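Everything below concerns the one structure shown next.
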Amino acid sequence: AGLVKGAHKGEGLGNQFLANIRNCDAILEVVRAFEDPNVEHVEGAIDSERDIETIKIELLMKDLGSLEGLISKLEKEAKAQDKTTVKKLELFKKIKEAVSQGKSISELNLTEEEKEQIKEFQFLTAKPVIYIINFDKREALSPQFKERLSATLLKLPPETLLIDLKFEEELAEFSEKEARQLRNGSASPLESIIVSCYNTLD
């Protein structure tokens, strides 16, 4: 199950899905880039950039809701003029303004102290994201696909992984040696995913 438009309001498996993500230290986002009439897409046409944007918006909206609740609570507490509470309130207002403008919390220049202050709230857009573009190797040979994919990759981090997941699923039935031969001597991309996760999580 993936995130759909309106997930932050409970569409699809929305709230359950987002609650599970909240407990993670990083998000591994698999983005569809293959065409297959037998595999339905909730939005119809295949558009990786649109899907990436949809997920980002859903995470931002969920964080915005959390921030509004926290700010409301802190505003009541700040009436006692406690310096720590007032400082925290100012920080959350600053973050809320940026999130309202479509910026992920991970994109903000927060100090180490500020990062520590917000850590316990497990904001979704504060988490690092590792992208996997799920493509079809056969499609990848067409100029149209290369052009479309290049445009998408320009907007993503350089460590984004391109994997034909269906091909990998088929190779799972073979021995490691046979699978490597079918990949023309390449190792399993699972190794790349593991390395990427270790690097991201430090």
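To be explicit about the labels: the chains of the structure tokens are called A, B, and onward in the order shown, and within each one the residues are counted from 1, while ligands get numbers from 1 in the order they are shown.
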> Quick one: DSSP helix (DSSP H, G or I) residues in chain A, as JSON, numbers by chain?
Replying inline: {"A": [7, 8, 9, 14, 15, 16, 17, 18, 19, 20, 21, 22, 48, 49, 50, 51, 52, 53, 54, 55, 56, 57, 58, 59, 60, 61, 62, 63, 64, 65, 66, 67, 68, 69, 70, 71, 72, 73, 74, 75, 76, 77, 78, 79, 80, 83, 84, 85, 86, 87, 88, 89, 90, 91, 92, 93, 94, 95, 96, 97, 98, 99, 100, 105, 106, 107, 112, 113, 114, 115, 116, 117, 118, 119, 124, 125, 126, 139, 140, 141, 143, 144, 145, 146, 147, 148, 149, 150, 151, 152, 153, 154, 165, 166, 167, 168, 169, 170, 171, 176, 177, 178, 179, 180, 181, 182, 189, 190, 191, 192, 193, 194, 195, 196, 197, 198, 199, 200]}
Quick one: which range 23-107 of chain A residues come within 10 Å of range 152-170 of chain A, and what is the nearest atom pair for each with the distance in Å to one decimal, counting only C-alpha atoms, rows ordered by chain and ascending number, as a Markdown table?
```
| residue | atom | partner | partner_atom | distance |
| --- | --- | --- | --- | --- |
| A:Glu29 | CA | A:Thr160 | CA | 9.9 |
| A:Val30 | CA | A:Leu161 | CA | 9.5 |
| A:Val31 | CA | A:Leu162 | CA | 9.7 |
| A:Arg32 | CA | A:Leu165 | CA | 10.0 |
| A:Ala33 | CA | A:Asp164 | CA | 9.6 |
| A:Phe34 | CA | A:Asp164 | CA | 8.9 |
| A:Asp47 | CA | A:Thr152 | CA | 9.3 |
| A:Ser48 | CA | A:Thr152 | CA | 7.0 |
| A:Glu49 | CA | A:Thr152 | CA | 5.9 |
| A:Arg50 | CA | A:Thr152 | CA | 9.7 |
| A:Ile52 | CA | A:Thr152 | CA | 9.4 |
```
> Using only C-alpha atoms, which residues sit within 10 Å of Cys24 in chain A once same-chain residues fewer than 5 positions away are excluded, as a list of chain:residue names?
Replying inline: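 Everything that qualifies: A:Ala19, A:Gln122, A:Leu124, A:Lys127.
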>> Calculated over only C-alpha atoms, which of the candidates A:Thr54, A:Glu114, A:Thr125, A:Leu149 has the smallest distance to Ile27 in chain A?
In response: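 Nearest candidate to Ile27 in chain A out of A:Thr54, A:Glu114, A:Thr125, A:Leu149: A:Thr125.
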